[in-house]
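Q: Coordinates in start34.txt, compact mmCIF, C-alpha atoms, are listed below.
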```txt
# COMPACT_ATOMS: atom_id res chain seq x y z
CA MET A 2 178.96 60.94 -43.21
CA TRP A 3 177.39 60.32 -46.57
CA GLN A 4 173.96 60.93 -45.13
CA SER A 5 173.64 64.53 -46.15
CA SER A 6 175.16 64.19 -49.58
CA LEU A 7 172.05 63.15 -51.50
CA GLU A 8 170.58 66.60 -50.87
CA PRO A 9 168.54 68.24 -52.29
CA HIS A 10 167.01 65.21 -53.98
CA MET A 11 166.70 63.13 -50.85
CA SER A 12 166.96 65.01 -47.61
CA HIS A 13 169.05 64.22 -44.60
CA LYS A 14 165.85 63.87 -42.56
CA THR A 15 164.46 61.34 -45.01
CA LEU A 16 167.56 59.23 -44.72
CA GLU A 17 167.54 59.50 -40.95
CA TYR A 18 164.05 58.02 -40.89
CA HIS A 19 164.35 55.61 -43.74
CA TRP A 20 167.74 54.19 -42.87
CA GLY A 21 167.91 55.03 -39.17
CA LYS A 22 164.46 53.80 -38.21
CA HIS A 23 162.83 51.62 -40.87
CA HIS A 24 165.90 49.82 -42.19
CA ARG A 25 167.35 49.49 -38.71
CA GLY A 26 163.99 48.18 -37.47
CA TYR A 27 163.99 45.41 -40.06
CA VAL A 28 167.51 44.38 -39.03
CA GLU A 29 166.70 44.28 -35.34
CA ASP A 30 163.45 42.40 -35.93
CA LEU A 31 165.11 39.82 -38.15
CA ASN A 32 167.87 39.22 -35.64
CA LYS A 33 165.27 38.59 -32.97
CA GLU A 34 163.25 36.35 -35.26
CA ILE A 35 165.95 33.95 -36.43
CA VAL A 36 167.51 33.15 -33.06
CA GLY A 37 167.45 29.40 -32.68
CA THR A 38 165.78 28.72 -36.04
CA GLN A 39 167.09 27.17 -39.25
CA PHE A 40 168.02 30.67 -40.41
CA ASP A 41 170.38 31.44 -37.56
CA GLY A 42 173.76 31.97 -39.16
CA ALA A 43 172.52 31.75 -42.74
CA THR A 44 173.41 34.38 -45.31
CA LEU A 45 170.78 37.00 -46.04
CA GLU A 46 170.21 35.82 -49.61
CA ASP A 47 169.74 32.26 -48.41
CA ILE A 48 167.14 33.36 -45.91
CA ILE A 49 165.30 35.23 -48.64
CA THR A 50 165.21 32.42 -51.17
CA VAL A 51 164.32 29.76 -48.63
CA ALA A 52 161.80 31.79 -46.65
CA TYR A 53 160.03 32.89 -49.84
CA ASN A 54 158.81 29.32 -49.97
CA LYS A 55 157.55 29.62 -53.54
CA GLY A 56 155.05 32.34 -52.73
CA ASP A 57 153.87 31.19 -49.32
CA PRO A 58 156.42 33.07 -47.27
CA LEU A 59 157.65 32.07 -43.86
CA PRO A 60 157.66 34.76 -41.16
CA ALA A 61 161.34 35.65 -41.61
CA PHE A 62 160.85 36.55 -45.27
CA ASN A 63 159.46 40.07 -44.90
CA ASN A 64 162.23 41.35 -42.65
CA ALA A 65 165.03 39.61 -44.51
CA ALA A 66 163.83 40.75 -47.92
CA GLN A 67 163.32 44.33 -46.76
CA ILE A 68 166.85 44.43 -45.35
CA TRP A 69 168.27 43.20 -48.63
CA ASN A 70 166.05 45.58 -50.62
CA HIS A 71 167.17 48.57 -48.61
CA ASP A 72 170.87 47.65 -48.75
CA PHE A 73 170.43 47.42 -52.49
CA PHE A 74 168.51 50.68 -52.63
CA TRP A 75 171.25 52.66 -50.88
CA GLU A 76 173.77 51.17 -53.27
CA SER A 77 171.56 52.07 -56.22
CA MET A 78 172.08 55.74 -55.45
CA ARG A 79 175.07 58.00 -55.09
CA PRO A 80 175.70 61.72 -54.73
CA GLY A 81 175.89 63.29 -58.14
CA GLY A 82 174.22 60.26 -59.67
CA GLY A 83 171.56 60.06 -62.33
CA GLY A 84 172.03 60.83 -65.97
CA LYS A 85 172.70 58.32 -68.69
CA PRO A 86 174.64 55.12 -68.19
CA VAL A 87 177.74 54.63 -70.26
CA ARG A 88 179.30 52.11 -72.52
CA GLN A 89 178.17 48.54 -72.04
CA LEU A 90 175.12 49.17 -69.90
CA LEU A 91 173.88 51.85 -72.26
CA GLU A 92 174.29 49.47 -75.19
CA LEU A 93 172.36 46.75 -73.39
CA ILE A 94 169.58 49.16 -72.44
CA GLU A 95 169.31 50.39 -76.01
CA LYS A 96 169.22 46.82 -77.25
CA ASP A 97 166.52 45.64 -74.88
CA PHE A 98 164.35 48.74 -74.55
CA GLY A 99 164.87 50.43 -77.90
CA SER A 100 166.29 53.58 -76.41
CA TYR A 101 167.34 55.02 -73.07
CA ASP A 102 164.27 57.26 -73.07
CA ARG A 103 161.91 54.34 -73.61
CA PHE A 104 163.55 52.58 -70.66
CA ILE A 105 163.04 55.66 -68.48
CA GLU A 106 159.37 55.88 -69.53
CA GLU A 107 158.80 52.24 -68.70
CA PHE A 108 160.54 52.58 -65.38
CA LYS A 109 158.51 55.65 -64.42
CA ALA A 110 155.26 54.03 -65.54
CA ALA A 111 155.98 50.97 -63.42
CA ALA A 112 156.82 53.09 -60.41
CA SER A 113 153.63 55.13 -60.61
CA THR A 114 151.35 52.14 -61.15
CA GLN A 115 152.48 49.96 -58.29
CA PHE A 116 149.36 49.65 -56.11
CA GLY A 117 150.04 49.48 -52.39
CA SER A 118 153.66 49.18 -51.28
CA GLY A 119 156.49 47.79 -53.36
CA TRP A 120 159.65 48.20 -55.40
CA VAL A 121 160.56 48.73 -59.05
CA TRP A 122 163.65 47.07 -60.49
CA LEU A 123 165.90 47.10 -63.49
CA ALA A 124 166.93 43.47 -63.62
CA TYR A 125 168.48 40.92 -65.92
CA LYS A 126 166.33 37.95 -66.76
CA ALA A 127 168.45 34.98 -67.69
CA ASN A 128 167.07 31.94 -69.45
CA ARG A 129 166.83 29.64 -66.48
CA LEU A 130 164.26 26.93 -66.00
CA ASP A 131 162.57 26.65 -62.67
CA VAL A 132 164.56 23.52 -61.84
CA GLY A 133 167.86 23.74 -59.99
CA ASN A 134 170.60 25.09 -62.24
CA ALA A 135 169.06 24.08 -65.53
CA ILE A 136 169.30 26.39 -68.52
CA ASP A 137 166.34 26.61 -70.82
CA PRO A 138 167.47 25.07 -74.13
CA CYS A 139 164.78 26.94 -76.03
CA PRO A 140 164.94 30.49 -74.72
CA SER A 141 162.07 32.70 -75.77
CA GLU A 142 162.17 36.36 -76.67
CA GLU A 143 161.49 37.14 -73.04
CA ASP A 144 164.74 35.61 -71.81
CA LYS A 145 168.27 36.91 -71.66
CA LYS A 146 167.34 40.54 -71.52
CA LEU A 147 167.11 43.50 -69.25
CA VAL A 148 163.62 44.07 -67.88
CA VAL A 149 161.78 46.52 -65.69
CA VAL A 150 159.77 44.64 -63.07
CA LYS A 151 157.73 45.72 -60.09
CA SER A 152 157.20 43.73 -56.94
CA PRO A 153 154.78 44.13 -54.03
CA ASN A 154 155.66 44.71 -50.38
CA GLY A 155 158.96 42.95 -49.65
CA VAL A 156 159.25 40.71 -52.66
CA ASN A 157 162.33 41.15 -54.85
CA PRO A 158 163.55 39.62 -58.13
CA LEU A 159 165.96 37.26 -56.39
CA VAL A 160 163.01 35.01 -55.70
CA TRP A 161 162.31 34.79 -59.42
CA ASP A 162 165.97 34.09 -60.07
CA TYR A 163 166.56 37.39 -61.85
CA SER A 164 169.67 39.50 -61.30
CA PRO A 165 168.74 42.95 -60.02
CA LEU A 166 170.78 45.89 -61.22
CA LEU A 167 168.95 48.92 -59.84
CA THR A 168 165.99 49.57 -57.60
CA ILE A 169 163.68 52.28 -56.36
CA ASP A 170 161.61 52.09 -53.19
CA VAL A 171 157.96 52.83 -53.95
CA TRP A 172 156.45 52.11 -50.57
CA GLU A 173 154.10 55.01 -50.03
CA VAL A 174 156.37 56.88 -47.77
CA GLN A 175 160.10 56.69 -47.88
CA ASN A 176 160.59 59.98 -46.15
CA GLU B 10 109.76 70.35 -70.34
CA GLU B 11 109.15 70.65 -66.62
CA GLU B 12 108.49 66.96 -66.43
CA GLU B 13 111.79 66.26 -68.06
CA GLU B 14 113.56 68.53 -65.63
CA GLU B 15 111.95 66.71 -62.73
CA GLU B 16 112.96 63.38 -64.14
CA GLU B 17 116.47 64.59 -64.68
CA GLU B 18 116.59 65.81 -61.09
CA LYS B 19 115.49 62.35 -59.91
CA MET B 20 118.16 60.78 -62.10
CA ARG B 21 120.78 63.03 -60.61
CA LEU B 22 119.79 62.16 -57.04
CA CYS B 23 119.89 58.48 -57.93
CA TYR B 24 123.39 58.56 -59.21
CA PHE B 25 124.74 60.74 -56.45
CA ASN B 26 123.54 58.39 -53.78
CA THR B 27 126.84 56.76 -53.11
CA THR B 28 126.49 55.93 -49.43
CA PRO B 29 125.33 52.44 -48.64
CA HIS B 30 125.88 53.21 -44.98
CA LEU B 31 123.15 54.00 -42.53
CA LEU B 32 124.69 57.32 -41.62
CA ALA B 33 123.69 59.79 -44.27
CA THR B 34 126.26 61.94 -45.95
CA ASN B 35 126.01 65.59 -45.27
CA PHE B 36 124.12 66.56 -48.41
CA SER B 37 124.08 70.19 -47.42
CA LYS B 38 127.73 70.35 -48.45
CA PRO B 39 127.93 70.65 -52.20
CA PHE B 40 129.75 67.89 -54.00
CA ASN B 41 132.71 69.16 -55.92
CA ILE B 42 132.48 67.07 -59.08
CA PRO B 43 133.77 68.96 -62.05
CA ARG B 44 133.73 67.62 -65.59
CA HIS B 45 131.28 64.78 -64.97
CA HIS B 46 128.17 64.19 -66.99
CA ILE B 47 124.94 62.28 -66.36
CA ILE B 48 124.86 59.51 -68.89
CA THR B 49 121.76 58.93 -70.90
CA ASN B 50 121.24 55.47 -72.24
CA GLY B 51 118.11 53.90 -73.69
CA GLN B 52 116.37 53.70 -70.31
CA PHE B 53 115.77 57.38 -69.91
CA ARG B 54 114.12 59.84 -72.20
CA VAL B 55 116.67 62.01 -73.84
CA SER B 56 116.03 65.65 -73.12
CA GLN B 57 116.20 68.12 -75.96
CA ARG B 58 118.43 70.45 -73.99
CA GLY B 59 122.16 70.80 -74.58
CA VAL B 60 125.01 69.42 -72.53
CA ARG B 61 124.26 66.29 -70.54
CA THR B 62 125.88 65.63 -67.16
CA ARG B 63 127.55 62.28 -66.83
CA ALA B 64 128.18 61.35 -63.21
CA PHE B 65 129.03 58.08 -61.61
CA TYR B 66 130.27 58.33 -58.07
CA GLY B 67 130.90 61.38 -55.97
CA LEU B 68 133.40 62.18 -53.27
CA THR B 69 131.50 61.89 -49.98
CA THR B 70 132.59 64.32 -47.30
CA PRO B 71 133.53 63.14 -43.82
CA PRO B 72 130.72 63.77 -41.31
CA TYR B 73 132.82 66.39 -39.51
CA LYS B 74 135.08 69.28 -40.42
CA LEU B 75 138.61 68.48 -41.52
CA ASP B 76 140.13 69.91 -38.36
CA ALA B 77 137.63 68.27 -36.00
CA LEU B 78 139.86 65.30 -35.28
CA GLU B 79 142.79 67.40 -34.05
CA PRO B 80 145.13 66.76 -32.33
CA TYR B 81 144.80 63.04 -33.02
CA MET B 82 144.53 63.32 -36.77
CA SER B 83 145.74 66.64 -38.08
CA LYS B 84 143.95 68.86 -40.55
CA ASN B 85 146.94 68.50 -42.86
CA THR B 86 146.54 64.74 -42.89
CA MET B 87 142.80 65.04 -43.53
CA GLU B 88 143.30 67.53 -46.33
CA MET B 89 145.82 65.30 -48.02
CA HIS B 90 144.18 61.99 -47.23
CA TRP B 91 140.65 63.04 -48.18
CA GLY B 92 141.31 65.84 -50.61
CA GLU B 93 144.04 64.10 -52.61
CA HIS B 94 144.10 60.35 -52.06
CA HIS B 95 140.37 59.65 -51.61
CA CYS B 96 139.56 62.14 -54.33
CA SER B 97 141.98 60.55 -56.78
CA TYR B 98 140.43 57.12 -56.19
CA VAL B 99 137.00 58.57 -57.00
CA GLU B 100 138.25 60.31 -60.12
CA GLY B 101 140.21 57.25 -61.20
CA LEU B 102 137.12 55.08 -60.76
CA ASN B 103 134.93 57.44 -62.75
CA LYS B 104 137.46 57.51 -65.56
CA GLN B 105 137.52 53.74 -65.67
CA LEU B 106 133.72 53.51 -65.60
CA GLU B 107 133.38 55.88 -68.51
CA LYS B 108 134.55 53.09 -70.76
CA ASN B 109 132.66 50.23 -69.20
CA ASN B 110 128.88 50.50 -69.21
CA LEU B 111 128.34 47.03 -67.77
CA LEU B 112 129.43 48.19 -64.34
CA TYR B 113 127.32 51.27 -64.49
CA GLY B 114 124.57 51.93 -61.97
CA CYS B 115 125.61 49.80 -59.01
CA THR B 116 125.78 50.90 -55.43
CA MET B 117 129.30 51.17 -54.07
CA GLU B 118 128.95 47.91 -52.16
CA GLU B 119 127.73 46.03 -55.21
CA LEU B 120 130.51 47.48 -57.32
CA VAL B 121 133.16 46.32 -54.86
CA LYS B 122 131.83 42.77 -54.81
CA ILE B 123 131.37 42.58 -58.58
CA THR B 124 134.78 43.96 -59.48
CA TYR B 125 136.43 41.65 -56.95
CA ASN B 126 135.28 38.98 -59.32
CA ASN B 127 135.76 36.13 -56.84
CA GLY B 128 139.48 36.61 -56.47
CA ASN B 129 140.38 37.61 -59.99
CA PRO B 130 139.85 41.33 -59.63
CA LEU B 131 138.92 43.56 -62.53
CA PRO B 132 140.99 46.70 -63.00
CA GLU B 133 138.24 48.80 -61.41
CA PHE B 134 138.46 46.90 -58.13
CA ASN B 135 141.34 48.82 -56.58
CA ASN B 136 139.69 52.18 -57.10
CA ALA B 137 136.19 51.02 -56.19
CA ALA B 138 137.30 49.27 -53.03
CA GLN B 139 139.48 52.15 -51.92
CA VAL B 140 136.59 54.60 -52.40
CA TRP B 141 134.34 52.39 -50.29
CA ASN B 142 137.06 51.84 -47.70
CA HIS B 143 137.69 55.52 -47.25
CA ASP B 144 133.99 56.40 -47.05
CA PHE B 145 133.77 53.78 -44.32
CA PHE B 146 136.91 55.04 -42.58
CA TRP B 147 135.70 58.62 -42.18
CA GLU B 148 132.48 57.31 -40.67
CA SER B 149 134.43 55.00 -38.39
CA MET B 150 135.82 58.03 -36.62
CA GLN B 151 134.28 60.93 -34.76
CA PRO B 152 135.52 63.95 -32.85
CA ASP B 153 135.82 63.03 -29.18
CA GLY B 154 135.62 59.35 -30.06
CA GLY B 155 137.26 56.32 -28.52
CA LYS B 156 136.56 55.24 -24.96
CA ILE B 157 134.18 52.30 -24.55
CA PRO B 158 131.37 51.22 -26.85
CA GLY B 159 127.80 51.56 -25.64
CA GLU B 160 124.94 49.11 -25.28
CA GLY B 161 124.50 46.61 -28.06
CA VAL B 162 128.10 46.63 -29.16
CA ILE B 163 129.79 46.12 -25.80
CA GLN B 164 127.76 42.99 -25.04
CA GLN B 165 128.64 41.44 -28.37
CA ILE B 166 132.33 42.30 -27.95
CA GLU B 167 132.40 40.77 -24.48
CA LYS B 168 130.64 37.71 -25.78
CA ASP B 169 133.00 37.19 -28.72
CA PHE B 170 136.34 38.36 -27.25
CA GLY B 171 135.91 37.73 -23.54
CA SER B 172 136.37 41.35 -22.58
CA PHE B 173 136.79 44.75 -24.16
CA THR B 174 140.48 44.73 -23.15
CA ASN B 175 141.02 41.45 -24.96
CA PHE B 176 139.39 42.85 -28.07
CA ARG B 177 141.47 46.00 -27.90
CA GLU B 178 144.72 44.09 -27.54
CA ASN B 179 143.72 41.83 -30.41
CA PHE B 180 142.96 44.83 -32.59
CA VAL B 181 146.22 46.62 -31.86
CA GLU B 182 148.29 43.47 -32.32
CA THR B 183 146.62 42.68 -35.63
CA ALA B 184 147.33 46.21 -36.80
CA LEU B 185 151.01 45.95 -35.89
CA THR B 186 151.46 42.61 -37.62
CA LEU B 187 150.14 43.83 -40.94
CA PHE B 188 152.99 44.03 -43.47
CA GLY B 189 152.75 46.52 -46.31
CA SER B 190 149.62 48.56 -47.03
CA GLY B 191 146.19 47.50 -45.83
CA TRP B 192 143.29 47.85 -43.43
CA ILE B 193 142.22 46.53 -40.03
CA TRP B 194 138.55 45.67 -39.46
CA LEU B 195 136.25 44.81 -36.63
CA VAL B 196 133.86 42.75 -38.67
CA LEU B 197 130.71 40.69 -38.07
CA ASN B 198 131.43 37.33 -39.60
CA SER B 199 128.11 36.22 -41.12
CA ARG B 200 128.81 32.51 -41.23
CA GLU B 201 130.26 32.21 -37.77
CA GLU B 202 127.78 34.81 -36.44
CA ARG B 203 130.38 36.52 -34.30
CA LEU B 204 132.62 39.58 -34.26
CA THR B 205 136.24 39.12 -35.31
CA VAL B 206 139.24 41.32 -36.06
CA VAL B 207 140.77 40.86 -39.51
CA LYS B 208 143.57 42.49 -41.46
CA THR B 209 143.45 42.89 -45.23
CA SER B 210 146.04 43.94 -47.79
CA ASN B 211 145.95 46.88 -50.14
CA ALA B 212 142.31 47.53 -51.07
CA ILE B 213 140.65 44.33 -49.90
CA ASN B 214 137.75 44.62 -47.47
CA PRO B 215 135.44 42.11 -45.72
CA LEU B 216 132.51 42.78 -48.08
CA ILE B 217 134.05 40.34 -50.52
CA TRP B 218 133.55 37.50 -48.04
CA GLY B 219 129.96 38.52 -47.44
CA ASP B 220 130.78 39.82 -43.97
CA ILE B 221 129.62 43.05 -42.38
CA PRO B 222 132.32 45.54 -41.37
CA ILE B 223 131.66 47.44 -38.15
CA VAL B 224 134.82 49.55 -37.76
CA GLY B 225 137.66 50.16 -40.23
CA LEU B 226 141.20 51.51 -39.72
CA ASP B 227 143.42 52.67 -42.59
CA MET B 228 146.95 51.28 -42.19
CA TRP B 229 148.30 52.62 -45.47
CA GLU B 230 151.30 54.77 -44.67
CA HIS B 231 149.60 57.88 -46.04
CA ALA B 232 147.05 57.64 -43.24
CA TYR B 233 149.46 58.08 -40.37
CA TYR B 234 152.87 59.08 -41.60
CA LEU B 235 152.42 62.85 -41.47
CA ASP B 236 151.27 62.69 -37.85
CA TYR B 237 153.08 59.69 -36.42
CA GLN B 238 155.88 58.84 -38.89
CA ASN B 239 156.87 55.23 -38.28
CA ASP B 240 155.22 54.96 -34.84
CA LYS B 241 152.36 52.71 -35.91
CA ALA B 242 151.65 51.60 -32.34
CA LYS B 243 150.98 55.16 -31.27
CA TYR B 244 148.65 55.74 -34.24
CA VAL B 245 146.61 52.61 -33.55
CA ASN B 246 146.37 53.34 -29.83
CA VAL B 247 145.28 56.91 -30.50
CA PHE B 248 142.64 55.59 -32.87
CA MET B 249 141.32 53.27 -30.18
CA ASN B 250 141.46 55.86 -27.42
CA HIS B 251 140.32 59.02 -29.16
CA LEU B 252 139.03 58.50 -32.67
CA VAL B 253 136.93 55.39 -33.18
CA SER B 254 133.22 56.11 -33.44
CA TRP B 255 131.33 53.59 -31.34
CA GLN B 256 128.12 55.36 -32.27
CA ALA B 257 128.66 54.53 -35.92
CA ALA B 258 129.55 51.00 -34.87
CA ALA B 259 126.31 50.69 -32.90
CA THR B 260 124.26 51.82 -35.89
CA ARG B 261 125.99 49.29 -38.10
CA MET B 262 125.51 46.51 -35.60
CA ALA B 263 121.82 47.33 -35.36
CA ARG B 264 121.52 47.13 -39.12
CA ALA B 265 123.63 43.99 -39.28
CA GLU B 266 121.24 42.15 -36.98
CA ALA B 267 118.70 42.28 -39.78
CA PHE B 268 121.03 40.01 -41.75
CA VAL B 269 122.77 37.93 -39.11
CA ASN B 270 121.08 36.26 -36.17
CA LEU B 271 123.19 37.00 -33.13
CA GLY B 272 120.96 35.57 -30.45
CA GLU B 273 119.10 32.39 -29.91
CA PRO B 274 116.42 32.06 -32.57
CA LYS B 275 113.06 33.02 -31.09
CA ILE B 276 110.86 30.18 -32.29
CA PRO B 277 107.26 30.82 -31.32
CA VAL B 278 105.73 28.05 -29.30
CA ALA B 279 102.29 26.99 -30.43
```
What do you get writing this file as structure tokens?
A:
Amino acid sequence: MWQSSLEPHMSHKTLEYHWGKHHRGYVEDLNKEIVGTQFDGATLEDIITVAYNKGDPLPAFNNAAQIWNHDFFWESMRPGGGGKPVRQLLELIEKDFGSYDRFIEEFKAAASTQFGSGWVWLAYKANRLDVGNAIDPCPSEEDKKLVVVKSPNGVNPLVWDYSPLLTIDVWEVQN
Amino acid sequence: EEEEEEEEEKMRLCYFNTTPHLLATNFSKPFNIPRHHIITNGQFRVSQRGVRTRAFYGLTTPPYKLDALEPYMSKNTMEMHWGEHHCSYVEGLNKQLEKNNLLYGCTMEELVKITYNNGNPLPEFNNAAQVWNHDFFWESMQPDGGKIPGEGVIQQIEKDFGSFTNFRENFVETALTLFGSGWIWLVLNSREERLTVVKTSNAINPLIWGDIPIVGLDMWEHAYYLDYQNDKAKYVNVFMNHLVSWQAAATRMARAEAFVNLGEPKIPVA
């Protein structure tokens, strides 16, 4: 399958463990956890946003978020990937970070300074208020731009209402 | 001149004394602390000689050889865990302390509590706490460890958990329910005056609550991944069966009783 095609940057063995054991473990644990609860039958993103419970997470949050994070992580990579983005995304990155190289520096800095386990994201921060669907009528400089954010353990930018574009797993060991 | 040398030697011993624990570090092994200098501030007479050594905290060595815990914790793991991770926390801490003289001169325990800053940790906290945690972790293990604790500890465990088996199950379960990086502790809770098992995230340790840790287990992935990959249960069970140092625990309990009254108060009758 596609498992061996990220070599030599990410080995087949790494993927076997990371996807085959850790990711699979989260899925199996979540399935066991939600049987008979309010989350049974809900979509994964619903479980994440509800179980996050504004920072006081319910038990299902960790597993659900980690499943989503890993799905997203696999999709953030492809064989023969890397290099510069093109066209629109490159323009947006240059607009919000100054240059592609500055973005890479920021991304690397975030990844190496995450203490404990976590993730680093390239995400889009819209100008939403923390109330339902409201749009902030006075957006600040911080809104409506691409940002690099890091999150601890299982947390991901969905809970802050950002739109993730790319992620990297910086739990201590992903291999 | 000789006097100054003596004083400088005393200074050096002061600042290298990084172990707040009862078990002494093996001082016969030389510390490998390159590039550090003993600071001289107004308190000490400045010697006329050349380069000054500035040193803050040193990397304490585990009280056994790096391969002594085989096959339960491999030499590879120890070399990486102690030689790279623990070492980088020490170096990181010293770099941070170079800039901040206010934190200078504390014992490791004091530094952890001060930098925790009541829940709003200063940047030095992560490094300081991780240095302390790892010092404690090496001493929480011994070659040919595990089995059952001896006198002093076993009674307290049976009193507070019902039985040693209960405690052990509690410990393993707590370890397996920790999400992300962190530590598991058998700790003497000073307010409740009993032993409990607690789990903490990232660098946090029970000192910040004023409690007295008795045994510590590193559940960061770097501690077990090389040897056990994702089989956390196996790692924790091996720790309980073959690694944990009940001798160290007994020493700590003995010391802890100077601070926490574990029995009925002995009030002299007139």
Q: Could the residues of chain A within 12 Å of chain B, counting all atoms listed in the file, be given as a CSV table (one decimal) with C-alpha atoms, in the coordinates of the input, please?
A:
```csv
chain,number,residue,atom,x,y,z
A,14,LYS,CA,165.8,63.9,-42.6
A,15,THR,CA,164.5,61.3,-45.0
A,17,GLU,CA,167.5,59.5,-41.0
A,18,TYR,CA,164.0,58.0,-40.9
A,19,HIS,CA,164.4,55.6,-43.7
A,20,TRP,CA,167.7,54.2,-42.9
A,21,GLY,CA,167.9,55.0,-39.2
A,22,LYS,CA,164.5,53.8,-38.2
A,23,HIS,CA,162.8,51.6,-40.9
A,24,HIS,CA,165.9,49.8,-42.2
A,25,ARG,CA,167.4,49.5,-38.7
A,26,GLY,CA,164.0,48.2,-37.5
A,27,TYR,CA,164.0,45.4,-40.1
A,60,PRO,CA,157.7,34.8,-41.2
A,61,ALA,CA,161.3,35.6,-41.6
A,62,PHE,CA,160.8,36.6,-45.3
A,63,ASN,CA,159.5,40.1,-44.9
A,64,ASN,CA,162.2,41.4,-42.6
A,67,GLN,CA,163.3,44.3,-46.8
A,114,THR,CA,151.4,52.1,-61.2
A,115,GLN,CA,152.5,50.0,-58.3
A,116,PHE,CA,149.4,49.6,-56.1
A,117,GLY,CA,150.0,49.5,-52.4
A,118,SER,CA,153.7,49.2,-51.3
A,119,GLY,CA,156.5,47.8,-53.4
A,120,TRP,CA,159.6,48.2,-55.4
A,152,SER,CA,157.2,43.7,-56.9
A,153,PRO,CA,154.8,44.1,-54.0
A,154,ASN,CA,155.7,44.7,-50.4
A,155,GLY,CA,159.0,43.0,-49.6
A,156,VAL,CA,159.2,40.7,-52.7
A,171,VAL,CA,158.0,52.8,-54.0
A,172,TRP,CA,156.4,52.1,-50.6
A,173,GLU,CA,154.1,55.0,-50.0
A,174,VAL,CA,156.4,56.9,-47.8
A,175,GLN,CA,160.1,56.7,-47.9
A,176,ASN,CA,160.6,60.0,-46.2
```
Q: Mind pulling up the distance from atom CA of B:Thr205 to atom CA of B:Leu120?
A: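 For atom CA of B:Leu120 relative to atom CA of B:Thr205, the distance reads 24.2 Å.
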Q: Which of these, B:Met249, B:Leu112, B:Ile193, B:Ile123, has the shortest distance to B:Asp153 once you count only C-alpha atoms?
A: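 For B:Asp153, the nearest of the given residues is B:Met249.
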Q: I want to know what sits within 7 Å of stretch 121-124 of chain A, based on all atoms listed in the file, with residues of the same chain fewer than 2 positions away left out; could you give that as an mmCIF file with C-alpha atoms, in the frame of the given file?
A:
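Dumped to part_3.cif:
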```cif
data_model
loop_
_atom_site.group_PDB
_atom_site.id
_atom_site.type_symbol
_atom_site.label_atom_id
_atom_site.label_comp_id
_atom_site.auth_asym_id
_atom_site.auth_seq_id
_atom_site.Cartn_x
_atom_site.Cartn_y
_atom_site.Cartn_z
ATOM 1 C CA ALA A 111 155.980 50.970 -63.420
ATOM 2 C CA ALA A 112 156.820 53.090 -60.410
ATOM 3 C CA LYS A 126 166.330 37.950 -66.760
ATOM 4 C CA LEU A 147 167.110 43.500 -69.250
ATOM 5 C CA VAL A 148 163.620 44.070 -67.880
ATOM 6 C CA VAL A 149 161.780 46.520 -65.690
ATOM 7 C CA VAL A 150 159.770 44.640 -63.070
ATOM 8 C CA LYS A 151 157.730 45.720 -60.090
ATOM 9 C CA SER A 152 157.200 43.730 -56.940
ATOM 10 C CA TYR A 163 166.560 37.390 -61.850
ATOM 11 C CA SER A 164 169.670 39.500 -61.300
ATOM 12 C CA PRO A 165 168.740 42.950 -60.020
ATOM 13 C CA LEU A 166 170.780 45.890 -61.220
ATOM 14 C CA LEU A 167 168.950 48.920 -59.840
ATOM 15 C CA THR A 168 165.990 49.570 -57.600
ATOM 16 C CA ILE A 169 163.680 52.280 -56.360
ATOM 17 C CA ASP A 170 161.610 52.090 -53.190
#
```
Q: Name the residues in contact with B:Val245 at a cut-off of 9 Å, using all atoms listed in the file, excluding same-chain residues fewer than 6 positions from it; report them as number ranges by chain.
A: B: 180-181, 184-185, 226, 228
Q: Counting only C-alpha atoms, select every polymer residue within 12 Å of (142.5, 39.7, -30.0) as defined in the file's coordinates, and provide the selection as JSON, numbers by chain.
A: {"B": [166, 167, 169, 170, 171, 172, 173, 174, 175, 176, 177, 178, 179, 180, 181, 182, 183, 184, 194, 195, 204, 205, 206, 207, 208]}
Q: Just checking: using all atoms listed in the file, which residue out of A:Pro158, A:Asp41, A:Lys146, A:Met11 ends up closest to A:Met78?
A: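 Of A:Pro158, A:Asp41, A:Lys146, A:Met11, the one nearest A:Met78, counting all atoms listed in the file, is A:Met11.
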Q: Please work out which residues fall within 9 Å of (138.7, 56.6, -33.8), coordinates as given in the file, with only C-alpha atoms counting, and return them as a VMD selection string.
A: chain B and resid 78 81 149 to 155 224 226 245 247 to 255
Q: Take atom CA of A:Gly56 and atom CA of A:Val160 and report the distance between them in Å, one decimal.
A: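 According to the coordinates, atom CA of A:Gly56 and atom CA of A:Val160 are separated by 8.9 Å.
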Q: Taking all atoms listed in the file into account, which of B:Tyr244, B:Tyr98, B:Tyr113, B:Phe268 comes nearest B:Leu197?
A: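 Of B:Tyr244, B:Tyr98, B:Tyr113, B:Phe268, the one nearest B:Leu197, counting all atoms listed in the file, is B:Phe268.
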Q: Record the distance separating atom CA of B:Glu118 and atom CA of B:Glu201, expressed in Å with one decimal.
A: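 Straight-line distance from atom CA of B:Glu118 to atom CA of B:Glu201 works out to 21.3 Å.
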